[in-house]
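File shown here: final15.cif, holding mmCIF, C-alpha atoms.
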data_protein
#
loop_
_atom_site.group_PDB
_atom_site.id
_atom_site.type_symbol
_atom_site.label_atom_id
_atom_site.label_comp_id
_atom_site.auth_asym_id
_atom_site.auth_seq_id
_atom_site.Cartn_x
_atom_site.Cartn_y
_atom_site.Cartn_z
ATOM 1 C CA MET H 1 53.685 -104.238 -2.744
ATOM 2 C CA LEU H 2 52.118 -100.785 -2.687
ATOM 3 C CA ASN H 3 53.013 -98.484 0.176
ATOM 4 C CA LEU H 4 51.532 -95.160 1.276
ATOM 5 C CA TYR H 5 53.643 -93.170 -1.230
ATOM 6 C CA ASP H 6 52.116 -95.083 -4.143
ATOM 7 C CA TYR H 7 48.559 -94.606 -2.906
ATOM 8 C CA ILE H 8 49.128 -90.848 -2.542
ATOM 9 C CA PHE H 9 50.637 -90.758 -6.040
ATOM 10 C CA TYR H 10 47.616 -92.504 -7.578
ATOM 11 C CA PHE H 11 45.255 -90.190 -5.667
ATOM 12 C CA PHE H 12 46.963 -87.086 -7.051
ATOM 13 C CA ALA H 13 47.206 -88.607 -10.542
ATOM 14 C CA ILE H 14 43.442 -89.221 -10.550
ATOM 15 C CA VAL H 15 42.825 -85.660 -9.286
ATOM 16 C CA ILE H 16 45.035 -84.155 -12.007
ATOM 17 C CA LEU H 17 43.740 -86.219 -14.908
ATOM 18 C CA GLY H 18 40.069 -86.113 -13.867
ATOM 19 C CA SER H 19 39.981 -82.375 -13.317
ATOM 20 C CA SER H 20 41.916 -81.637 -16.503
ATOM 21 C CA PHE H 21 39.377 -83.752 -18.417
ATOM 22 C CA VAL H 22 36.699 -81.473 -16.950
ATOM 23 C CA VAL H 23 38.757 -78.411 -17.983
ATOM 24 C CA VAL H 24 39.042 -79.598 -21.558
ATOM 25 C CA PHE H 25 35.593 -81.101 -22.148
ATOM 26 C CA SER H 26 33.248 -78.986 -20.009
ATOM 27 C CA ARG H 27 30.866 -76.816 -22.015
ATOM 28 C CA ASN H 28 30.691 -74.148 -19.317
ATOM 29 C CA ILE H 29 33.780 -71.964 -19.117
ATOM 30 C CA VAL H 30 33.297 -71.214 -15.398
ATOM 31 C CA HIS H 31 33.290 -74.951 -14.641
ATOM 32 C CA SER H 32 36.530 -75.247 -16.614
ATOM 33 C CA ALA H 33 38.136 -72.462 -14.591
ATOM 34 C CA PHE H 34 37.178 -74.097 -11.300
ATOM 35 C CA ALA H 35 38.382 -77.529 -12.449
ATOM 36 C CA LEU H 36 41.701 -75.885 -13.299
ATOM 37 C CA LEU H 37 42.012 -75.094 -9.562
ATOM 38 C CA PHE H 38 42.048 -78.820 -8.748
ATOM 39 C CA THR H 39 44.558 -79.513 -11.517
ATOM 40 C CA PHE H 40 46.930 -76.938 -10.009
ATOM 41 C CA PHE H 41 46.447 -78.407 -6.533
ATOM 42 C CA GLY H 42 47.193 -81.888 -7.855
ATOM 43 C CA VAL H 43 50.372 -80.683 -9.549
ATOM 44 C CA ALA H 44 51.433 -79.070 -6.257
ATOM 45 C CA GLY H 45 50.856 -82.454 -4.602
ATOM 46 C CA PHE H 46 53.117 -84.067 -7.193
ATOM 47 C CA TYR H 47 55.825 -81.531 -6.329
ATOM 48 C CA VAL H 48 55.536 -82.491 -2.659
ATOM 49 C CA LEU H 49 55.834 -86.172 -3.592
ATOM 50 C CA LEU H 50 58.940 -85.342 -5.631
ATOM 51 C CA SER H 51 60.338 -83.567 -2.513
ATOM 52 C CA ALA H 52 60.297 -80.131 -4.173
ATOM 53 C CA ASP H 53 58.864 -78.195 -1.240
ATOM 54 C CA PHE H 54 59.760 -74.676 -2.410
ATOM 55 C CA LEU H 55 58.301 -75.322 -5.849
ATOM 56 C CA ALA H 56 55.053 -76.673 -4.371
ATOM 57 C CA ILE H 57 54.551 -73.463 -2.389
ATOM 58 C CA THR H 58 55.450 -71.360 -5.441
ATOM 59 C CA GLN H 59 52.914 -73.309 -7.497
ATOM 60 C CA LEU H 60 50.181 -72.597 -4.957
ATOM 61 C CA LEU H 61 51.087 -68.897 -4.637
ATOM 62 C CA VAL H 62 51.558 -68.059 -8.309
ATOM 63 C CA TYR H 63 49.135 -70.400 -10.080
ATOM 64 C CA VAL H 64 46.260 -70.677 -7.626
ATOM 65 C CA GLY H 65 46.661 -67.215 -6.131
ATOM 66 C CA GLY H 66 47.615 -65.324 -9.269
ATOM 67 C CA ILE H 67 47.005 -66.881 -12.656
ATOM 68 C CA LEU H 68 43.728 -68.594 -11.798
ATOM 69 C CA VAL H 69 42.245 -65.398 -10.327
ATOM 70 C CA LEU H 70 43.411 -63.524 -13.440
ATOM 71 C CA LEU H 71 41.722 -66.099 -15.688
ATOM 72 C CA LEU H 72 38.504 -65.856 -13.676
ATOM 73 C CA PHE H 73 38.586 -62.054 -14.035
ATOM 74 C CA GLY H 74 39.028 -62.564 -17.764
ATOM 75 C CA VAL H 75 35.996 -64.851 -17.862
ATOM 76 C CA MET H 76 33.898 -62.358 -15.903
ATOM 77 C CA LEU H 77 34.940 -59.310 -17.958
ATOM 78 C CA THR H 78 34.594 -60.812 -21.424
ATOM 79 C CA ASN H 79 31.372 -62.829 -21.222
ATOM 80 C CA ASN H 80 28.058 -61.064 -20.950
ATOM 81 C CA ILE H 81 26.611 -63.079 -18.089
ATOM 82 C CA VAL H 82 23.138 -61.986 -19.107
ATOM 83 C CA ASN H 83 23.604 -63.582 -22.519
ATOM 84 C CA VAL H 84 23.616 -67.306 -23.174
ATOM 85 C CA GLU H 85 27.043 -66.795 -24.757
ATOM 86 C CA ILE H 86 28.773 -68.215 -21.628
ATOM 87 C CA LYS H 87 28.764 -71.604 -23.294
ATOM 88 C CA SER H 88 31.921 -71.864 -25.335
ATOM 89 C CA GLY H 89 31.880 -73.844 -28.540
ATOM 90 C CA THR H 90 34.422 -76.197 -30.006
ATOM 91 C CA MET H 91 35.623 -76.651 -33.551
ATOM 92 C CA GLN H 92 37.500 -79.285 -35.541
ATOM 93 C CA THR H 93 37.134 -81.850 -32.768
ATOM 94 C CA LEU H 94 37.936 -84.899 -34.893
ATOM 95 C CA PRO H 95 41.346 -83.865 -36.313
ATOM 96 C CA ALA H 96 42.286 -82.296 -32.993
ATOM 97 C CA SER H 97 41.481 -85.461 -31.044
ATOM 98 C CA LEU H 98 43.477 -87.482 -33.578
ATOM 99 C CA ILE H 99 46.476 -85.171 -33.141
ATOM 100 C CA ALA H 100 46.178 -85.211 -29.328
ATOM 101 C CA ALA H 101 45.882 -89.018 -29.206
ATOM 102 C CA LEU H 102 48.858 -89.330 -31.558
ATOM 103 C CA ILE H 103 50.977 -87.053 -29.360
ATOM 104 C CA ALA H 104 49.961 -88.902 -26.183
ATOM 105 C CA GLY H 105 50.700 -92.319 -27.695
ATOM 106 C CA LEU H 106 54.002 -91.174 -29.141
ATOM 107 C CA LEU H 107 55.178 -89.587 -25.877
ATOM 108 C CA CYS H 108 54.111 -92.561 -23.749
ATOM 109 C CA GLY H 109 55.813 -94.969 -26.176
ATOM 110 C CA ILE H 110 59.034 -92.958 -26.127
ATOM 111 C CA PHE H 111 58.933 -92.752 -22.327
ATOM 112 C CA TYR H 112 58.272 -96.495 -22.064
ATOM 113 C CA VAL H 113 61.141 -97.674 -24.267
ATOM 114 C CA SER H 114 63.666 -95.061 -23.111
ATOM 115 C CA ASN H 115 66.435 -96.108 -20.774
ATOM 116 C CA TRP H 116 66.768 -93.054 -18.553
ATOM 117 C CA TYR H 117 69.985 -92.247 -16.759
ATOM 118 C CA LEU H 118 68.927 -92.512 -13.124
ATOM 119 C CA VAL H 119 71.009 -91.628 -10.088
ATOM 120 C CA PRO H 120 69.943 -93.153 -6.761
ATOM 121 C CA THR H 121 69.434 -90.589 -4.015
ATOM 122 C CA THR H 122 69.951 -90.844 -0.300
ATOM 123 C CA PRO H 123 67.045 -90.308 2.122
ATOM 124 C CA GLU H 124 68.918 -87.379 3.744
ATOM 125 C CA LEU H 125 69.045 -85.583 0.375
ATOM 126 C CA LEU H 126 65.313 -86.142 -0.149
ATOM 127 C CA ASN H 127 64.340 -84.957 3.324
ATOM 128 C CA ASN H 128 66.382 -81.737 3.138
ATOM 129 C CA THR H 129 64.645 -78.493 2.283
ATOM 130 C CA THR H 130 65.453 -77.245 -1.212
ATOM 131 C CA ALA H 131 65.052 -73.517 -0.516
ATOM 132 C CA VAL H 132 68.697 -73.005 0.524
ATOM 133 C CA ALA H 133 70.073 -74.801 -2.521
ATOM 134 C CA ILE H 134 67.697 -72.909 -4.834
ATOM 135 C CA GLY H 135 68.756 -69.593 -3.307
ATOM 136 C CA TYR H 136 72.464 -70.366 -3.776
ATOM 137 C CA ALA H 137 71.888 -71.496 -7.356
ATOM 138 C CA PHE H 138 69.922 -68.312 -8.098
ATOM 139 C CA ILE H 139 72.757 -65.986 -7.075
ATOM 140 C CA THR H 140 75.612 -68.056 -8.524
ATOM 141 C CA THR H 141 74.973 -70.144 -11.643
ATOM 142 C CA TRP H 142 71.635 -68.639 -12.650
ATOM 143 C CA ILE H 143 72.304 -64.982 -11.861
ATOM 144 C CA LEU H 144 71.867 -63.725 -15.451
ATOM 145 C CA PRO H 145 68.541 -65.534 -16.119
ATOM 146 C CA PHE H 146 67.362 -64.330 -12.698
ATOM 147 C CA GLU H 147 68.021 -60.668 -13.543
ATOM 148 C CA VAL H 148 66.524 -61.052 -17.021
ATOM 149 C CA ALA H 149 63.422 -62.638 -15.489
ATOM 150 C CA SER H 150 62.979 -59.673 -13.158
ATOM 151 C CA VAL H 151 63.174 -57.251 -16.098
ATOM 152 C CA VAL H 152 60.719 -59.412 -18.051
ATOM 153 C CA LEU H 153 58.279 -59.342 -15.132
ATOM 154 C CA LEU H 154 58.509 -55.526 -14.949
ATOM 155 C CA VAL H 155 58.027 -55.146 -18.716
ATOM 156 C CA ALA H 156 55.071 -57.542 -18.719
ATOM 157 C CA MET H 157 53.433 -55.704 -15.815
ATOM 158 C CA ILE H 158 53.775 -52.260 -17.420
ATOM 159 C CA GLY H 159 52.774 -53.628 -20.825
ATOM 160 C CA ALA H 160 49.671 -55.345 -19.475
ATOM 161 C CA VAL H 161 48.562 -52.149 -17.704
ATOM 162 C CA ILE H 162 49.100 -50.012 -20.804
ATOM 163 C CA ILE H 163 47.397 -52.457 -23.168
ATOM 164 C CA ALA H 164 44.389 -53.026 -20.917
ATOM 165 C CA ARG H 165 43.829 -49.299 -20.225
ATOM 166 C CA ARG H 166 43.956 -48.173 -23.850
ATOM 167 C CA GLU H 167 40.877 -46.236 -24.934
ATOM 168 C CA LYS H 168 38.675 -47.717 -27.588
ATOM 169 C CA ALA H 169 40.312 -47.267 -30.988
ATOM 170 C CA PRO H 170 38.297 -45.796 -33.877
ATOM 171 C CA GLU H 171 36.107 -48.340 -35.647
ATOM 172 C CA VAL H 172 37.808 -50.487 -38.262
ATOM 173 C CA GLU H 173 36.527 -49.708 -41.751
ATOM 174 C CA MET R 1 55.670 -101.952 -15.803
ATOM 175 C CA THR R 2 55.061 -102.217 -12.094
ATOM 176 C CA PHE R 3 52.617 -100.354 -9.913
ATOM 177 C CA THR R 4 55.309 -99.111 -7.545
ATOM 178 C CA VAL R 5 55.830 -95.470 -8.425
ATOM 179 C CA SER R 6 58.955 -94.625 -10.398
ATOM 180 C CA LEU R 7 60.014 -91.897 -12.850
ATOM 181 C CA ASN R 8 57.864 -93.388 -15.628
ATOM 182 C CA HIS R 9 54.615 -92.912 -13.698
ATOM 183 C CA PHE R 10 55.179 -89.181 -13.277
ATOM 184 C CA ILE R 11 56.093 -88.589 -16.903
ATOM 185 C CA PHE R 12 53.155 -90.672 -18.152
ATOM 186 C CA VAL R 13 50.772 -88.414 -16.236
ATOM 187 C CA SER R 14 52.547 -85.375 -17.644
ATOM 188 C CA ALA R 15 52.310 -86.746 -21.216
ATOM 189 C CA ILE R 16 48.537 -87.203 -20.894
ATOM 190 C CA LEU R 17 48.209 -83.713 -19.366
ATOM 191 C CA PHE R 18 50.217 -82.296 -22.282
ATOM 192 C CA SER R 19 47.985 -83.870 -24.929
ATOM 193 C CA LEU R 20 44.858 -82.686 -23.108
ATOM 194 C CA GLY R 21 46.284 -79.173 -23.202
ATOM 195 C CA ILE R 22 47.017 -79.501 -26.928
ATOM 196 C CA TYR R 23 43.425 -80.647 -27.471
ATOM 197 C CA ALA R 24 42.061 -77.619 -25.584
ATOM 198 C CA VAL R 25 44.267 -75.218 -27.577
ATOM 199 C CA LEU R 26 43.226 -76.765 -30.882
ATOM 200 C CA THR R 27 39.480 -77.071 -30.365
ATOM 201 C CA ARG R 28 38.265 -74.263 -28.101
ATOM 202 C CA ARG R 29 36.897 -71.113 -29.717
ATOM 203 C CA ASN R 30 37.037 -68.965 -26.582
ATOM 204 C CA ALA R 31 40.424 -67.256 -26.231
ATOM 205 C CA ILE R 32 40.434 -67.726 -22.443
ATOM 206 C CA MET R 33 39.966 -71.484 -22.871
ATOM 207 C CA VAL R 34 42.991 -71.461 -25.192
ATOM 208 C CA LEU R 35 44.953 -69.782 -22.376
ATOM 209 C CA MET R 36 43.821 -72.490 -19.939
ATOM 210 C CA GLY R 37 45.114 -75.132 -22.370
ATOM 211 C CA ILE R 38 48.468 -73.362 -22.455
ATOM 212 C CA GLU R 39 48.571 -73.423 -18.636
ATOM 213 C CA LEU R 40 47.963 -77.207 -18.723
ATOM 214 C CA ILE R 41 50.851 -77.627 -21.174
ATOM 215 C CA LEU R 42 53.214 -75.540 -19.018
ATOM 216 C CA ASN R 43 52.238 -77.532 -15.918
ATOM 217 C CA SER R 44 53.003 -80.820 -17.652
ATOM 218 C CA ALA R 45 56.425 -79.483 -18.679
ATOM 219 C CA ASN R 46 57.048 -78.486 -15.066
ATOM 220 C CA ILE R 47 56.159 -81.964 -13.789
ATOM 221 C CA ASN R 48 58.742 -83.364 -16.196
ATOM 222 C CA PHE R 49 61.443 -80.948 -15.018
ATOM 223 C CA VAL R 50 60.888 -81.752 -11.348
ATOM 224 C CA ALA R 51 60.527 -85.510 -11.881
ATOM 225 C CA PHE R 52 63.770 -85.754 -13.825
ATOM 226 C CA SER R 53 65.523 -83.601 -11.240
ATOM 227 C CA ARG R 54 64.296 -85.899 -8.432
ATOM 228 C CA TYR R 55 65.328 -89.142 -10.155
ATOM 229 C CA ALA R 56 68.687 -87.810 -11.408
ATOM 230 C CA GLY R 57 70.249 -87.362 -7.985
ATOM 231 C CA MET R 58 68.057 -84.560 -6.578
ATOM 232 C CA ASP R 59 69.816 -81.917 -8.696
ATOM 233 C CA VAL R 60 68.311 -78.494 -7.966
ATOM 234 C CA ASN R 61 68.791 -77.122 -11.505
ATOM 235 C CA GLY R 62 65.558 -78.733 -12.691
ATOM 236 C CA HIS R 63 63.695 -76.848 -9.961
ATOM 237 C CA LEU R 64 65.183 -73.572 -11.201
ATOM 238 C CA ALA R 65 64.046 -74.254 -14.763
ATOM 239 C CA ALA R 66 60.550 -74.955 -13.423
ATOM 240 C CA ILE R 67 60.583 -71.685 -11.462
ATOM 241 C CA PHE R 68 61.489 -69.758 -14.625
ATOM 242 C CA VAL R 69 58.612 -71.482 -16.439
ATOM 243 C CA ILE R 70 56.256 -70.299 -13.669
ATOM 244 C CA PHE R 71 57.643 -66.727 -14.013
ATOM 245 C CA LEU R 72 57.005 -66.717 -17.734
ATOM 246 C CA ALA R 73 53.553 -68.283 -17.349
ATOM 247 C CA ALA R 74 52.559 -65.422 -15.040
ATOM 248 C CA CYS R 75 53.847 -62.799 -17.529
ATOM 249 C CA GLU R 76 52.109 -64.564 -20.409
ATOM 250 C CA ALA R 77 48.788 -64.756 -18.584
ATOM 251 C CA ALA R 78 48.859 -61.041 -17.669
ATOM 252 C CA VAL R 79 49.743 -59.788 -21.156
ATOM 253 C CA ALA R 80 47.438 -62.237 -22.953
ATOM 254 C CA LEU R 81 44.479 -61.300 -20.772
ATOM 255 C CA ALA R 82 45.125 -57.606 -21.427
ATOM 256 C CA ILE R 83 45.077 -58.329 -25.159
ATOM 257 C CA VAL R 84 41.889 -60.419 -24.804
ATOM 258 C CA LEU R 85 40.184 -57.553 -22.931
ATOM 259 C CA ASN R 86 41.145 -55.178 -25.744
ATOM 260 C CA ILE R 87 39.824 -57.588 -28.375
ATOM 261 C CA TYR R 88 36.563 -57.791 -26.444
ATOM 262 C CA LYS R 89 36.294 -53.993 -26.359
ATOM 263 C CA GLN R 90 36.987 -53.796 -30.089
ATOM 264 C CA PHE R 91 35.018 -56.747 -31.514
ATOM 265 C CA ASN R 92 32.566 -57.543 -28.691
ATOM 266 C CA THR R 93 33.581 -61.206 -28.851
ATOM 267 C CA VAL R 94 36.511 -63.337 -27.692
ATOM 268 C CA ASN R 95 36.021 -66.222 -30.100
ATOM 269 C CA VAL R 96 39.320 -66.663 -31.886
ATOM 270 C CA ASP R 97 37.731 -67.628 -35.215
ATOM 271 C CA GLU R 98 35.575 -64.485 -35.404
ATOM 272 C CA VAL R 99 38.485 -62.064 -34.917
ATOM 273 C CA SER R 100 39.662 -62.220 -38.530
ATOM 274 C CA THR R 101 39.698 -58.582 -39.649
ATOM 275 C CA MET R 102 43.314 -58.797 -40.793
ATOM 276 C CA LYS R 103 42.527 -61.832 -42.960
ATOM 277 C CA ASP R 104 39.762 -60.159 -44.955
#

Now, as a test, write the supplied structure out as structure tokens.
Amino acid sequence: MLNLYDYIFYFFAIVILGSSFVVVFSRNIVHSAFALLFTFFGVAGFYVLLSADFLAITQLLVYVGGILVLLLFGVMLTNNIVNVEIKSGTMQTLPASLIAALIAGLLCGIFYVSNWYLVPTTPELLNNTTAVAIGYAFITTWILPFEVASVVLLVAMIGAVIIARREKAPEVE
Amino acid sequence: MTFTVSLNHFIFVSAILFSLGIYAVLTRRNAIMVLMGIELILNSANINFVAFSRYAGMDVNGHLAAIFVIFLAACEAAVALAIVLNIYKQFNTVNVDEVSTMKD
């Protein structure tokens, strides 16, 4: 018997898979970028269904607010809109689709036959907010990766600014 | 295989998302489309982390791994787009198969 949770799951699954099909197969790169928005929203919905509230908000802030806008800027700055070059071509579709289908079949088969170690959870645990637990874990168990990640973010920010602002190098012979 | 949602349903969706991302990385000529494929792959990995964390006793460590993946995805997107902008300035194209000066 399907309940509301299952219907919401299937709705988000259709959103994710449909929009990622548009991302992968659309000929127009701007359409792909906008379909990616719906994929990210669907993944955030999955996080809510999996009772990961903090992660759902992070997904919306970082992916939709940051990475997607960055990708759109990349599309705008690197395609001459006046040209017809906005269509992006594909290559080697047949071997690539074989490889992708092989990977999908293999993964689904492995997932289907595997006997996962599952621990039943209590409803109180699922209804709690995860932000407190994530904060404690960040400053206890995961303190070293947390500090390294902050340094990596700083290095990536400075590096991106320096690389993108570099003047045009002399022509390659 | 029942229709009531369990762990398997989430990881099936993530497996299909992963192979779609692989297909985009392998076939697209535009470097920005390759980046979008990488974002799809990272998202599918994140779904797996969170799903396993939910069905293995709501352990919060899976959430932390997913947060680090999001950190690194943001860094990767910023640096990769800076490189793509430089390639566009240099070669006037962002098609990955036309940028082959080092091969010649």

Å distance separating atom CA of Ala66 of chain R from atom CA of Ser150 of chain H, one decimal place: 15.5 Å

The PyMOL selection byres ((chain R and resi 46) around 9) resolved against shown file, as a PyMOL selection string: (chain H and resi 43) or (chain R and resi 14+41-45+47-51+62-63+65-67+69-70)

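Note that atom CA of Ala33 of chain H and atom CA of Arg165 of chain H are 24.5 Å apart.
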
Selection result of the PyMOL selection byres ((chain H and resi 52) around 12) on this file, as an NGL selection string: (:H and (43-51 or 53-59 or 125-134)) or (:R and (46-47 or 49-55 or 58-64 or 66-67))

Result set of the PyMOL selection byres ((chain R and resi 86) around 10) on the coordinates above, as a ChimeraX atom specification: /H:78,163-169 /R:80-85,87-92,94

Could you give me, as a PDB file with C-alpha atoms, in the frame of the given file, the residues that sit within 8 Å of (41.3, -76.5, -26.0) in the file's coordinates, counting all atoms listed in the file?
ATOM      1  CA  VAL H  24      39.042 -79.598 -21.558  1.00  0.00           C
ATOM      2  CA  THR H  90      34.422 -76.197 -30.006  1.00  0.00           C
TER       3      THR H  90
ATOM      4  CA  LEU R  20      44.858 -82.686 -23.108  1.00  0.00           C
ATOM      5  CA  GLY R  21      46.284 -79.173 -23.202  1.00  0.00           C
ATOM      6  CA  ILE R  22      47.017 -79.501 -26.928  1.00  0.00           C
ATOM      7  CA  TYR R  23      43.425 -80.647 -27.471  1.00  0.00           C
ATOM      8  CA  ALA R  24      42.061 -77.619 -25.584  1.00  0.00           C
ATOM      9  CA  VAL R  25      44.267 -75.218 -27.577  1.00  0.00           C
ATOM     10  CA  LEU R  26      43.226 -76.765 -30.882  1.00  0.00           C
ATOM     11  CA  THR R  27      39.480 -77.071 -30.365  1.00  0.00           C
ATOM     12  CA  ARG R  28      38.265 -74.263 -28.101  1.00  0.00           C
ATOM     13  CA  ARG R  29      36.897 -71.113 -29.717  1.00  0.00           C
ATOM     14  CA  MET R  33      39.966 -71.484 -22.871  1.00  0.00           C
ATOM     15  CA  VAL R  34      42.991 -71.461 -25.192  1.00  0.00           C
ATOM     16  CA  MET R  36      43.821 -72.490 -19.939  1.00  0.00           C
ATOM     17  CA  GLY R  37      45.114 -75.132 -22.370  1.00  0.00           C
TER      18      GLY R  37
END

Contacts of Cys75 of chain R within 10 Å, all atoms listed in the file, excl. fewer than 3 positions in-chain, as a PyMOL selection string: (chain H and resi 67+149+152-157+159-160) or (chain R and resi 69-72+78-80)

Atomic distance atom CA of Ile16 of chain H - atom CA of Phe38 of chain H, expressed in Å with one decimal: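 One can read the atom CA of Ile16 of chain H to atom CA of Phe38 of chain H distance as 6.9 Å.
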
Counting all atoms listed in the file, the option among H:Val22, H:Ile162, H:Thr121, H:Leu60 closest to chain R: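 With all atoms listed in the file as the atom set, the closest residue is H:Thr121.
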